[in-house]
Amino acid sequence: MTIPFLDLHAPYRELREEFDSAYHRVMESGWYILGLEVEAFEAEFAAYCDAKHCIGVGNGLDALHLILRAMDIGPGDEVIVPSNTYIATWLAVTYAGATPVPVEPDERTYNIDPTKIDQAITPKTKVIMVVHLYGQPADMDPINALARKHGLKVIEDCAQAHGALYKGRKVGGLGDAAGFSFYPGKNLGAIGDGGAVTTNDPKLAERIQVLRNYGSKIKYQNQVIGYNSRLDELQAALLRVKLTKLNEWNERRRLVAAQYMQELSGQRNLTLPYVPEWAEPVWHLFVVRHAQRDALQKALAEAGIGTMIHYPIAPHLQPAYADLDLSVGDFPLSERMAEEVLSLPIGPHLAESGCSSVITAMQKVSFT
Ligand SMILES: *Cc1c(COP(=O)(O)O)cnc(C)c1O
C-alpha cells in the first residue's frame, strides 16, 4: 500500500528517545507490576480526563467488564448497548453474566439514539452502556437524564474517544464510570495491550482496584473473587510518553478530517461524517458511507490506499450471539451500516500529501 490505513511505526520514529528512556527507567527499577509508573500514569490520565480516579487494567474489554462487576451487575440483569458497536462492548456484558439489549444509532452520528432507549428499558435494566463511536461523543445529557429517571447507571465505552469533548467536557467523566482501551491502534495506544477505568466515584474506584488484583487489597488477603488484569509498568511508562502528545496528535487528526470533509463534500452517493455543534470528536476513525462500498474499497486498494470496515457484521448477527435469538431485520440501521461503511486512512502521522492522495483517488472512482 502506498498509503497504509494506519502507520503504527510512526509514533516510535517521532518519540524514539523518550520511549527508550522510559524503557530504561522501568528496566533499571527492577519493579514491573503495579509500581510508580502505573501510579503516575493513573494520576496523569485521570487529570487528562477531568475524572477523580483512574485505575489501570489489562485491556479495554476488562475495563468495561470490571466496571460491571464492581456495580454488581450479573445474571438476570439487562444492559443497554449500541447495536452498531465493536463486539467488546457486548462481550463485557456477557462476561458479567448479564444480557446485552441492543438499541439502534442515530442515523447521522452513528451513536446510540437517546430517543430509542426508553422503549428498550424493562424492570431488569440496570445500566446504559454508551459508546463514543469512531471518536465522536454520544449525546450524554438526555441519556443521563433518562438514567436518573429510571435509576440506572451510565457507563461510557471510551475505547475510541480519548480526549473527545461533549459540550466542552471531556469524555471519561460524564457517566458513572468509563472504560478506555490502549490497544496500539487507538488514539492513545500502548506497545501491546492496556486499558483503564476512570470514574468520579471513590467507592467504585476502590472496588475496581481490588478486582483487578486478585480481589486483594492487602497481599495474600482476598476479599472477593477477583481477576488478574493490571496495566503493567512498562506499558504505563510508554503511555506516559504518548499522553504528552495526545492533544497534538488529536489536533493533527482533526486537520486530516477537515481536509477530507472539505474536499469530499458534494461527491455523489458518498455520505460524510456528521458532527453535531456540541461535539468535538477526536477522529479515531474517519468513516464514510457508500452504497457500493465493496467496489469503492477495491478501487482504492488498486490505487494503493488502505481502508478498513468498522464493522462488517453487526454483533446481533455474529454466530457468537446466536443464543440471543436475534435475526436479520431486527436492527436494520446497523445492518445497513455494516454493508455501507468504509474507514479512510487517518492518524496523526498521515502527512498532508497522503491525505491528498486519498482525496484524489476518491475523486477518480468512476462508478459514483
Ligand atoms: C477497542 C475497543 C474495545 C476493546 O478494547 P481492547 O483493549 O481491545 O480490549 C472496546 N470497545 C470499543 C468500542 C473498542 O473500539
# chains A, B, ... in the order shown; residues from 1 in each chain; ligands from 1
>>> residues_near_ligand(ligand="ligand 1", cutoff="7 Å", atoms="only C-alpha atoms and all ligand atoms", output="VMD selection string")
chain A and resid 59 to 62 85 to 86 88 to 89 131 133 157 to 160 181 to 183 193 to 195
>>> closest_residue(among="A:Val256, A:Ala320, A:Ile313, A:Ile33", to="Pro348 in chain A", atoms="only C-alpha atoms")
A:Val256
>>> select_by_dssp(residues="range 9-165 of chain A", states="strand (DSSP E or B)", output="JSON, numbers by chain")
{"A": [33, 53, 54, 55, 56, 57, 78, 79, 80, 81, 82, 99, 100, 101, 102, 103, 105, 112, 125, 126, 127, 128, 129, 130, 131, 153, 154, 155, 156, 157, 165]}
>>> write_last_selection(atoms="N, CA and C atoms", output="mmCIF file, in the first residue's frame")
data_model
loop_
_atom_site.group_PDB
_atom_site.id
_atom_site.type_symbol
_atom_site.label_atom_id
_atom_site.label_comp_id
_atom_site.auth_asym_id
_atom_site.auth_seq_id
_atom_site.Cartn_x
_atom_site.Cartn_y
_atom_site.Cartn_z
ATOM 1 N N ILE A 33 5.347 -4.725 38.063
ATOM 2 C CA ILE A 33 3.880 -4.770 38.173
ATOM 3 C C ILE A 33 3.436 -3.824 39.283
ATOM 4 N N HIS A 53 -10.682 9.644 39.520
ATOM 5 C CA HIS A 53 -9.897 8.418 39.700
ATOM 6 C C HIS A 53 -9.629 7.735 38.373
ATOM 7 N N CYS A 54 -8.473 7.074 38.301
ATOM 8 C CA CYS A 54 -8.154 6.228 37.146
ATOM 9 C C CYS A 54 -7.505 4.962 37.684
ATOM 10 N N ILE A 55 -7.926 3.819 37.133
ATOM 11 C CA ILE A 55 -7.353 2.535 37.534
ATOM 12 C C ILE A 55 -6.873 1.831 36.267
ATOM 13 N N GLY A 56 -5.578 1.569 36.183
ATOM 14 C CA GLY A 56 -5.019 0.900 35.009
ATOM 15 C C GLY A 56 -5.336 -0.586 35.031
ATOM 16 N N VAL A 57 -5.805 -1.121 33.921
ATOM 17 C CA VAL A 57 -6.159 -2.545 33.831
ATOM 18 C C VAL A 57 -5.539 -3.150 32.564
ATOM 19 N N GLU A 78 -30.192 -6.626 32.714
ATOM 20 C CA GLU A 78 -30.066 -6.207 31.324
ATOM 21 C C GLU A 78 -29.242 -4.922 31.233
ATOM 22 N N VAL A 79 -28.419 -4.869 30.203
ATOM 23 C CA VAL A 79 -27.578 -3.693 29.956
ATOM 24 C C VAL A 79 -27.846 -3.223 28.531
ATOM 25 N N ILE A 80 -28.237 -1.968 28.398
ATOM 26 C CA ILE A 80 -28.496 -1.404 27.066
ATOM 27 C C ILE A 80 -27.172 -1.066 26.393
ATOM 28 N N VAL A 81 -27.014 -1.543 25.168
ATOM 29 C CA VAL A 81 -25.775 -1.318 24.404
ATOM 30 C C VAL A 81 -26.137 -0.856 22.995
ATOM 31 N N PRO A 82 -25.225 -0.170 22.311
ATOM 32 C CA PRO A 82 -25.492 0.170 20.906
ATOM 33 C C PRO A 82 -25.526 -1.098 20.049
ATOM 34 N N THR A 99 -27.390 -9.587 30.257
ATOM 35 C CA THR A 99 -27.828 -9.689 28.857
ATOM 36 C C THR A 99 -27.702 -8.340 28.157
ATOM 37 N N PRO A 100 -27.000 -8.306 27.008
ATOM 38 C CA PRO A 100 -26.950 -7.066 26.238
ATOM 39 C C PRO A 100 -28.270 -6.830 25.512
ATOM 40 N N VAL A 101 -28.799 -5.617 25.633
ATOM 41 C CA VAL A 101 -30.044 -5.254 24.943
ATOM 42 C C VAL A 101 -29.714 -4.132 23.952
ATOM 43 N N PRO A 102 -29.684 -4.468 22.652
ATOM 44 C CA PRO A 102 -29.226 -3.501 21.660
ATOM 45 C C PRO A 102 -30.242 -2.399 21.365
ATOM 46 N N VAL A 103 -29.718 -1.198 21.122
ATOM 47 C CA VAL A 103 -30.531 -0.061 20.692
ATOM 48 C C VAL A 103 -29.850 0.559 19.469
ATOM 49 N N PRO A 105 -28.616 3.194 16.446
ATOM 50 C CA PRO A 105 -27.985 4.515 16.479
ATOM 51 C C PRO A 105 -28.824 5.588 15.799
ATOM 52 N N ILE A 112 -25.550 5.885 19.746
ATOM 53 C CA ILE A 112 -26.842 5.408 20.257
ATOM 54 C C ILE A 112 -27.855 6.555 20.272
ATOM 55 N N THR A 125 -33.576 -3.758 33.509
ATOM 56 C CA THR A 125 -32.495 -2.888 33.035
ATOM 57 C C THR A 125 -31.750 -2.262 34.213
ATOM 58 N N LYS A 126 -30.412 -2.322 34.174
ATOM 59 C CA LYS A 126 -29.598 -1.752 35.251
ATOM 60 C C LYS A 126 -28.652 -0.660 34.758
ATOM 61 N N VAL A 127 -28.240 -0.781 33.507
ATOM 62 C CA VAL A 127 -27.165 0.095 33.009
ATOM 63 C C VAL A 127 -27.432 0.490 31.564
ATOM 64 N N ILE A 128 -27.058 1.725 31.227
ATOM 65 C CA ILE A 128 -26.956 2.116 29.818
ATOM 66 C C ILE A 128 -25.459 2.245 29.521
ATOM 67 N N MET A 129 -24.991 1.434 28.589
ATOM 68 C CA MET A 129 -23.572 1.492 28.197
ATOM 69 C C MET A 129 -23.483 2.205 26.861
ATOM 70 N N VAL A 130 -22.949 3.421 26.876
ATOM 71 C CA VAL A 130 -22.836 4.173 25.623
ATOM 72 C C VAL A 130 -21.427 4.002 25.061
ATOM 73 N N VAL A 131 -21.305 4.143 23.768
ATOM 74 C CA VAL A 131 -20.006 4.089 23.096
ATOM 75 C C VAL A 131 -19.825 5.403 22.345
ATOM 76 N N LYS A 153 -27.495 3.079 35.973
ATOM 77 C CA LYS A 153 -26.120 3.575 35.879
ATOM 78 C C LYS A 153 -25.774 3.838 34.421
ATOM 79 N N VAL A 154 -24.815 4.730 34.208
ATOM 80 C CA VAL A 154 -24.335 5.005 32.849
ATOM 81 C C VAL A 154 -22.837 4.702 32.770
ATOM 82 N N ILE A 155 -22.483 3.855 31.824
ATOM 83 C CA ILE A 155 -21.069 3.534 31.581
ATOM 84 C C ILE A 155 -20.702 4.038 30.190
ATOM 85 N N GLU A 156 -19.558 4.721 30.099
ATOM 86 C CA GLU A 156 -19.052 5.160 28.795
ATOM 87 C C GLU A 156 -17.987 4.182 28.299
ATOM 88 N N ASP A 157 -18.145 3.693 27.081
ATOM 89 C CA ASP A 157 -17.077 2.958 26.402
ATOM 90 C C ASP A 157 -16.288 3.997 25.611
ATOM 91 N N LEU A 165 -14.569 15.800 23.316
ATOM 92 C CA LEU A 165 -15.313 16.722 24.172
ATOM 93 C C LEU A 165 -16.799 16.703 23.840
#
>>> residues_around(residues="Ile346 in chain A", least_positions_apart="4", cutoff="9 Å", atoms="only C-alpha atoms", output="PyMOL selection string")
chain A and resi 5-6+253+256-257+283-286+350+355
>>> write_last_selection(atoms="N, CA and C atoms", output="mmCIF file, in the first residue's frame")
data_model
loop_
_atom_site.group_PDB
_atom_site.id
_atom_site.type_symbol
_atom_site.label_atom_id
_atom_site.label_comp_id
_atom_site.auth_asym_id
_atom_site.auth_seq_id
_atom_site.Cartn_x
_atom_site.Cartn_y
_atom_site.Cartn_z
ATOM 1 N N PHE A 5 -3.492 2.120 5.849
ATOM 2 C CA PHE A 5 -4.623 2.584 6.648
ATOM 3 C C PHE A 5 -4.138 3.308 7.907
ATOM 4 N N LEU A 6 -3.105 2.754 8.544
ATOM 5 C CA LEU A 6 -2.549 3.377 9.755
ATOM 6 C C LEU A 6 -1.084 2.988 9.866
ATOM 7 N N ARG A 253 -5.211 14.805 13.723
ATOM 8 C CA ARG A 253 -6.330 14.025 13.169
ATOM 9 C C ARG A 253 -7.446 14.974 12.711
ATOM 10 N N VAL A 256 -6.699 16.375 9.301
ATOM 11 C CA VAL A 256 -6.969 15.392 8.241
ATOM 12 C C VAL A 256 -8.473 15.328 7.981
ATOM 13 N N ALA A 257 -9.242 15.235 9.066
ATOM 14 C CA ALA A 257 -10.702 15.131 8.924
ATOM 15 C C ALA A 257 -11.255 16.368 8.216
ATOM 16 N N TRP A 283 -11.685 11.835 16.082
ATOM 17 C CA TRP A 283 -11.434 11.167 14.807
ATOM 18 C C TRP A 283 -10.561 9.932 14.943
ATOM 19 N N HIS A 284 -10.958 9.030 15.842
ATOM 20 C CA HIS A 284 -10.281 7.730 15.864
ATOM 21 C C HIS A 284 -10.384 7.102 14.468
ATOM 22 N N LEU A 285 -11.561 7.228 13.873
ATOM 23 C CA LEU A 285 -11.778 6.732 12.510
ATOM 24 C C LEU A 285 -12.493 7.813 11.705
ATOM 25 N N PHE A 286 -12.237 7.830 10.405
ATOM 26 C CA PHE A 286 -12.995 8.697 9.510
ATOM 27 C C PHE A 286 -13.825 7.773 8.620
ATOM 28 N N LEU A 350 -0.398 10.807 9.219
ATOM 29 C CA LEU A 350 -0.766 10.801 7.808
ATOM 30 C C LEU A 350 -0.452 12.194 7.271
ATOM 31 N N CYS A 355 -2.935 12.462 2.678
ATOM 32 C CA CYS A 355 -4.345 12.826 2.707
ATOM 33 C C CYS A 355 -4.814 13.246 1.309
#
>>> closest_residue(among="A:Thr307, A:Thr109, A:Thr122, A:Gln221", to="Gln136 in chain A", atoms="only C-alpha atoms")
A:Thr109
>>> select_by_dssp(residues="range 58-299 of chain A", states="alpha helix (DSSP H)", output="JSON, numbers by chain")
{"A": [60, 61, 62, 63, 64, 65, 66, 67, 68, 69, 70, 87, 88, 89, 90, 91, 92, 93, 94, 95, 140, 141, 142, 143, 144, 145, 146, 147, 148, 149, 150, 202, 203, 204, 205, 206, 207, 208, 209, 210, 211, 212, 233, 234, 235, 236, 237, 238, 239, 240, 241, 242, 243, 246, 247, 248, 249, 250, 251, 252, 253, 254, 255, 256, 257, 258, 259, 260, 261, 262, 263, 264, 293, 294, 295, 296, 297, 298, 299]}
>>> closest_residue(among="A:Lys298, A:Gly172, A:Ala120, A:Ala92", to="His150 in chain A", atoms="only C-alpha atoms")
A:Ala120
>>> closest_residue(among="A:Gly192, A:Gly266, A:Pro319, A:Pro332", to="Gly58 in chain A", atoms="only C-alpha atoms")
A:Gly192
